[in-house]
>>> print(open('structure00.pdb').read())   # PDB, C-alpha atoms and all ligand atoms
ATOM      1  CA  MET K 248    -177.226 130.244  93.379  1.00  0.00           C
ATOM      2  CA  GLY K 249    -178.628 127.484  91.274  1.00  0.00           C
ATOM      3  CA  GLU K 250    -182.296 128.154  91.990  1.00  0.00           C
ATOM      4  CA  MET K 251    -183.201 128.688  88.392  1.00  0.00           C
ATOM      5  CA  GLY K 252    -186.932 128.319  87.843  1.00  0.00           C
ATOM      6  CA  ASP K 253    -187.572 124.620  88.118  1.00  0.00           C
ATOM      7  CA  VAL K 254    -191.036 124.702  86.574  1.00  0.00           C
ATOM      8  CA  ALA K 255    -189.973 122.912  83.426  1.00  0.00           C
ATOM      9  CA  ARG K 256    -188.092 120.137  85.140  1.00  0.00           C
ATOM     10  CA  PRO K 257    -189.066 116.598  84.228  1.00  0.00           C
ATOM     11  CA  GLU K 258    -189.486 115.537  87.840  1.00  0.00           C
ATOM     12  CA  ARG K 259    -192.158 118.204  88.267  1.00  0.00           C
ATOM     13  CA  LEU K 260    -193.898 117.804  84.929  1.00  0.00           C
ATOM     14  CA  LEU K 261    -193.872 114.076  84.355  1.00  0.00           C
ATOM     15  CA  PRO K 262    -196.087 113.160  87.309  1.00  0.00           C
ATOM     16  CA  ARG K 263    -198.867 115.269  85.783  1.00  0.00           C
ATOM     17  CA  PHE K 264    -198.986 113.000  82.763  1.00  0.00           C
ATOM     18  CA  GLU K 265    -198.440 109.758  84.559  1.00  0.00           C
ATOM     19  CA  GLY K 266    -201.554 107.606  84.609  1.00  0.00           C
ATOM     20  CA  GLN K 267    -203.347 109.500  81.858  1.00  0.00           C
ATOM     21  CA  ASP K 268    -204.929 107.719  78.920  1.00  0.00           C
ATOM     22  CA  CYS K 269    -202.847 107.252  75.805  1.00  0.00           C
ATOM     23  CA  LYS K 270    -203.883 109.353  72.845  1.00  0.00           C
ATOM     24  CA  PHE K 271    -202.722 106.764  70.330  1.00  0.00           C
ATOM     25  CA  CYS K 272    -204.461 103.620  71.490  1.00  0.00           C
ATOM     26  CA  ASP K 273    -207.537 102.682  73.480  1.00  0.00           C
ATOM     27  CA  GLU K 274    -206.119 100.715  76.362  1.00  0.00           C
ATOM     28  CA  GLY K 275    -202.801 102.338  77.089  1.00  0.00           C
ATOM     29  CA  GLU K 276    -201.904 104.313  80.163  1.00  0.00           C
ATOM     30  CA  LEU K 277    -198.928 106.626  80.454  1.00  0.00           C
ATOM     31  CA  VAL K 278    -195.999 105.622  82.611  1.00  0.00           C
ATOM     32  CA  ARG K 279    -192.710 107.291  83.373  1.00  0.00           C
ATOM     33  CA  GLU K 280    -189.731 105.796  81.624  1.00  0.00           C
ATOM     34  CA  GLN K 281    -186.440 106.554  80.032  1.00  0.00           C
ATOM     35  CA  TYR K 282    -186.682 106.977  76.301  1.00  0.00           C
ATOM     36  CA  LYS K 283    -183.334 106.926  74.520  1.00  0.00           C
ATOM     37  CA  GLY K 284    -181.648 108.113  77.674  1.00  0.00           C
ATOM     38  CA  SER K 285    -184.025 110.974  78.417  1.00  0.00           C
ATOM     39  CA  PRO K 286    -186.853 111.148  80.934  1.00  0.00           C
ATOM     40  CA  ALA K 287    -190.147 110.626  79.172  1.00  0.00           C
ATOM     41  CA  VAL K 288    -193.724 109.492  79.548  1.00  0.00           C
ATOM     42  CA  VAL K 289    -194.567 106.562  77.345  1.00  0.00           C
ATOM     43  CA  CYS K 290    -197.639 104.433  76.812  1.00  0.00           C
ATOM     44  CA  ASP K 291    -197.468 101.035  78.503  1.00  0.00           C
ATOM     45  CA  GLU K 292    -199.388  99.476  75.614  1.00  0.00           C
ATOM     46  CA  CYS K 293    -198.028 100.933  72.394  1.00  0.00           C
ATOM     47  CA  ASP K 294    -194.763 102.411  73.740  1.00  0.00           C
ATOM     48  CA  VAL K 295    -195.299 105.743  72.032  1.00  0.00           C
ATOM     49  CA  PRO K 296    -193.489 108.481  73.920  1.00  0.00           C
ATOM     50  CA  GLN K 297    -195.859 111.386  74.604  1.00  0.00           C
ATOM     51  CA  ILE K 298    -193.662 113.729  76.554  1.00  0.00           C
ATOM     52  CA  ARG K 299    -189.912 113.856  76.265  1.00  0.00           C
ATOM     53  CA  PHE K 300    -187.140 115.883  77.817  1.00  0.00           C
ATOM     54  CA  PHE K 301    -183.729 116.318  76.337  1.00  0.00           C
TER      55      PHE K 301
HETATM   56 ZN    ZN K 401    -200.838 103.736  73.594  1.00  0.00          ZN
END
>>> encode(input="structure00.pdb", output="structure tokens", more="lines below")
Ligand SMILES: [Zn+2]
Amino acid sequence: MGEMGDVARPERLLPRFEGQDCKFCDEGELVREQYKGSPAVVCDECDVPQIRFF
């Protein structure tokens, strides 16, 4: 038991976004971080969270 589909898990999804260019500024690159206690991908320049999990 407990093998619910893990496709939507942050630890599987977040690496796909890591290192991508930020959509909101020119120089930023996405890094994995905690945002308000949830796993997220945020820009290292403008700190805008682009992907969040709750
Ligand atoms: Zn940015």
>>> residues_around(input="structure00.pdb", residues="Glu280 of chain K", least_positions_apart="2", cutoff="12 Å", atoms="only C-alpha atoms", output="PyMOL selection string")
chain K and resi 257-258+261-262+264-265+277-278+282-291+294-300
>>> write_last_selection(input="structure00.pdb", atoms="C-alpha atoms", output="CSV table (one decimal), in the coordinates of the input")
chain,number,residue,atom,x,y,z
K,257,PRO,CA,-189.1,116.6,84.2
K,258,GLU,CA,-189.5,115.5,87.8
K,261,LEU,CA,-193.9,114.1,84.4
K,262,PRO,CA,-196.1,113.2,87.3
K,264,PHE,CA,-199.0,113.0,82.8
K,265,GLU,CA,-198.4,109.8,84.6
K,277,LEU,CA,-198.9,106.6,80.5
K,278,VAL,CA,-196.0,105.6,82.6
K,282,TYR,CA,-186.7,107.0,76.3
K,283,LYS,CA,-183.3,106.9,74.5
K,284,GLY,CA,-181.6,108.1,77.7
K,285,SER,CA,-184.0,111.0,78.4
K,286,PRO,CA,-186.9,111.1,80.9
K,287,ALA,CA,-190.1,110.6,79.2
K,288,VAL,CA,-193.7,109.5,79.5
K,289,VAL,CA,-194.6,106.6,77.3
K,290,CYS,CA,-197.6,104.4,76.8
K,291,ASP,CA,-197.5,101.0,78.5
K,294,ASP,CA,-194.8,102.4,73.7
K,295,VAL,CA,-195.3,105.7,72.0
K,296,PRO,CA,-193.5,108.5,73.9
K,297,GLN,CA,-195.9,111.4,74.6
K,298,ILE,CA,-193.7,113.7,76.6
K,299,ARG,CA,-189.9,113.9,76.3
K,300,PHE,CA,-187.1,115.9,77.8
>>> residues_near_ligand(input="structure00.pdb", ligand="ligand ZN 401 (chain K)", cutoff="7 Å", atoms="all atoms listed in the file", output="list in words")
Cys269, Lys270, Phe271, Cys272, Asp273, Glu274, Gly275, Glu276, Cys290, Asp291, Glu292, Cys293, Asp294 and Val295 of chain K
>>> axis_aligned_box(input="structure00.pdb", around="segment 274-278 of chain K", padding_each_side="5 Å", output="AutoDock Vina command-line options")
--center_x -201.1 --center_y 103.7 --center_z 79.5 --size_x 20.1 --size_y 15.9 --size_z 16.2
>>> decode(input="structure00.pdb", residues="segment 264-298 of chain K", atoms="N, CA and C atoms", output="mmCIF file, in the first residue's frame")
data_model
loop_
_atom_site.group_PDB
_atom_site.id
_atom_site.type_symbol
_atom_site.label_atom_id
_atom_site.label_comp_id
_atom_site.auth_asym_id
_atom_site.auth_seq_id
_atom_site.Cartn_x
_atom_site.Cartn_y
_atom_site.Cartn_z
ATOM 1 N N PHE K 264 12.049 22.023 -13.568
ATOM 2 C CA PHE K 264 12.006 23.483 -13.710
ATOM 3 C C PHE K 264 13.292 24.137 -13.232
ATOM 4 N N GLU K 265 14.014 23.421 -12.438
ATOM 5 C CA GLU K 265 15.252 23.945 -11.897
ATOM 6 C C GLU K 265 16.211 24.323 -13.026
ATOM 7 N N GLY K 266 16.780 25.501 -12.940
ATOM 8 C CA GLY K 266 17.762 25.917 -13.933
ATOM 9 C C GLY K 266 17.169 26.589 -15.159
ATOM 10 N N GLN K 267 15.836 26.603 -15.264
ATOM 11 C CA GLN K 267 15.232 27.282 -16.403
ATOM 12 C C GLN K 267 15.279 28.795 -16.227
ATOM 13 N N ASP K 268 15.091 29.502 -17.332
ATOM 14 C CA ASP K 268 15.076 30.962 -17.263
ATOM 15 C C ASP K 268 13.785 31.454 -16.630
ATOM 16 N N CYS K 269 13.901 32.525 -15.870
ATOM 17 C CA CYS K 269 12.737 33.149 -15.260
ATOM 18 C C CYS K 269 11.893 33.821 -16.331
ATOM 19 N N LYS K 270 10.583 33.731 -16.157
ATOM 20 C CA LYS K 270 9.690 34.376 -17.120
ATOM 21 C C LYS K 270 9.471 35.849 -16.791
ATOM 22 N N PHE K 271 9.865 36.260 -15.592
ATOM 23 C CA PHE K 271 9.508 37.596 -15.126
ATOM 24 C C PHE K 271 10.670 38.581 -15.142
ATOM 25 N N CYS K 272 11.856 38.104 -15.364
ATOM 26 C CA CYS K 272 12.993 39.005 -15.476
ATOM 27 C C CYS K 272 13.990 38.408 -16.457
ATOM 28 N N ASP K 273 14.990 39.182 -16.835
ATOM 29 C CA ASP K 273 15.896 38.754 -17.886
ATOM 30 C C ASP K 273 17.037 37.873 -17.403
ATOM 31 N N GLU K 274 17.459 38.069 -16.172
ATOM 32 C CA GLU K 274 18.679 37.418 -15.729
ATOM 33 C C GLU K 274 18.455 36.239 -14.808
ATOM 34 N N GLY K 275 17.227 36.117 -14.309
ATOM 35 C CA GLY K 275 16.975 35.125 -13.277
ATOM 36 C C GLY K 275 16.994 33.696 -13.776
ATOM 37 N N GLU K 276 17.315 32.811 -12.846
ATOM 38 C CA GLU K 276 17.299 31.381 -13.119
ATOM 39 C C GLU K 276 16.550 30.725 -11.975
ATOM 40 N N LEU K 277 15.789 29.688 -12.285
ATOM 41 C CA LEU K 277 14.940 29.083 -11.262
ATOM 42 C C LEU K 277 15.737 28.135 -10.367
ATOM 43 N N VAL K 278 15.469 28.244 -9.083
ATOM 44 C CA VAL K 278 16.111 27.375 -8.108
ATOM 45 C C VAL K 278 15.040 26.809 -7.171
ATOM 46 N N ARG K 279 15.347 25.642 -6.630
ATOM 47 C CA ARG K 279 14.405 25.035 -5.698
ATOM 48 C C ARG K 279 14.533 25.687 -4.338
ATOM 49 N N GLU K 280 13.389 25.968 -3.745
ATOM 50 C CA GLU K 280 13.383 26.595 -2.429
ATOM 51 C C GLU K 280 12.089 26.297 -1.720
ATOM 52 N N GLN K 281 12.053 26.622 -0.468
ATOM 53 C CA GLN K 281 10.794 26.603 0.261
ATOM 54 C C GLN K 281 10.161 27.971 0.122
ATOM 55 N N TYR K 282 8.882 27.988 -0.198
ATOM 56 C CA TYR K 282 8.170 29.252 -0.242
ATOM 57 C C TYR K 282 6.986 29.148 0.707
ATOM 58 N N LYS K 283 7.033 29.925 1.774
ATOM 59 C CA LYS K 283 6.004 29.880 2.808
ATOM 60 C C LYS K 283 5.742 28.450 3.278
ATOM 61 N N GLY K 284 6.808 27.707 3.437
ATOM 62 C CA GLY K 284 6.681 26.370 4.001
ATOM 63 C C GLY K 284 6.357 25.276 3.011
ATOM 64 N N SER K 285 6.207 25.626 1.731
ATOM 65 C CA SER K 285 5.914 24.616 0.726
ATOM 66 C C SER K 285 7.054 24.538 -0.276
ATOM 67 N N PRO K 286 7.291 23.352 -0.825
ATOM 68 C CA PRO K 286 8.305 23.233 -1.869
ATOM 69 C C PRO K 286 7.909 24.078 -3.063
ATOM 70 N N ALA K 287 8.870 24.758 -3.645
ATOM 71 C CA ALA K 287 8.568 25.645 -4.758
ATOM 72 C C ALA K 287 9.812 25.835 -5.608
ATOM 73 N N VAL K 288 9.612 26.415 -6.777
ATOM 74 C CA VAL K 288 10.724 26.858 -7.604
ATOM 75 C C VAL K 288 10.614 28.365 -7.715
ATOM 76 N N VAL K 289 11.641 29.049 -7.281
ATOM 77 C CA VAL K 289 11.609 30.502 -7.316
ATOM 78 C C VAL K 289 12.794 31.028 -8.119
ATOM 79 N N CYS K 290 12.648 32.240 -8.608
ATOM 80 C CA CYS K 290 13.715 32.895 -9.339
ATOM 81 C C CYS K 290 14.787 33.382 -8.361
ATOM 82 N N ASP K 291 16.052 33.184 -8.716
ATOM 83 C CA ASP K 291 17.119 33.617 -7.813
ATOM 84 C C ASP K 291 17.403 35.110 -7.952
ATOM 85 N N GLU K 292 16.775 35.753 -8.914
ATOM 86 C CA GLU K 292 16.946 37.203 -9.070
ATOM 87 C C GLU K 292 15.788 37.991 -8.472
ATOM 88 N N CYS K 293 14.569 37.662 -8.901
ATOM 89 C CA CYS K 293 13.426 38.472 -8.480
ATOM 90 C C CYS K 293 12.565 37.775 -7.425
ATOM 91 N N ASP K 294 12.932 36.533 -7.067
ATOM 92 C CA ASP K 294 12.239 35.807 -6.001
ATOM 93 C C ASP K 294 10.764 35.515 -6.283
ATOM 94 N N VAL K 295 10.362 35.572 -7.518
ATOM 95 C CA VAL K 295 8.984 35.221 -7.837
ATOM 96 C C VAL K 295 8.846 33.706 -7.896
ATOM 97 N N PRO K 296 7.942 33.157 -7.105
ATOM 98 C CA PRO K 296 7.726 31.713 -7.170
ATOM 99 C C PRO K 296 7.000 31.341 -8.461
ATOM 100 N N GLN K 297 7.478 30.342 -9.172
ATOM 101 C CA GLN K 297 6.887 29.976 -10.458
ATOM 102 C C GLN K 297 6.106 28.679 -10.360
ATOM 103 N N ILE K 298 6.548 27.807 -9.509
ATOM 104 C CA ILE K 298 5.822 26.571 -9.279
ATOM 105 C C ILE K 298 5.705 26.393 -7.775
#
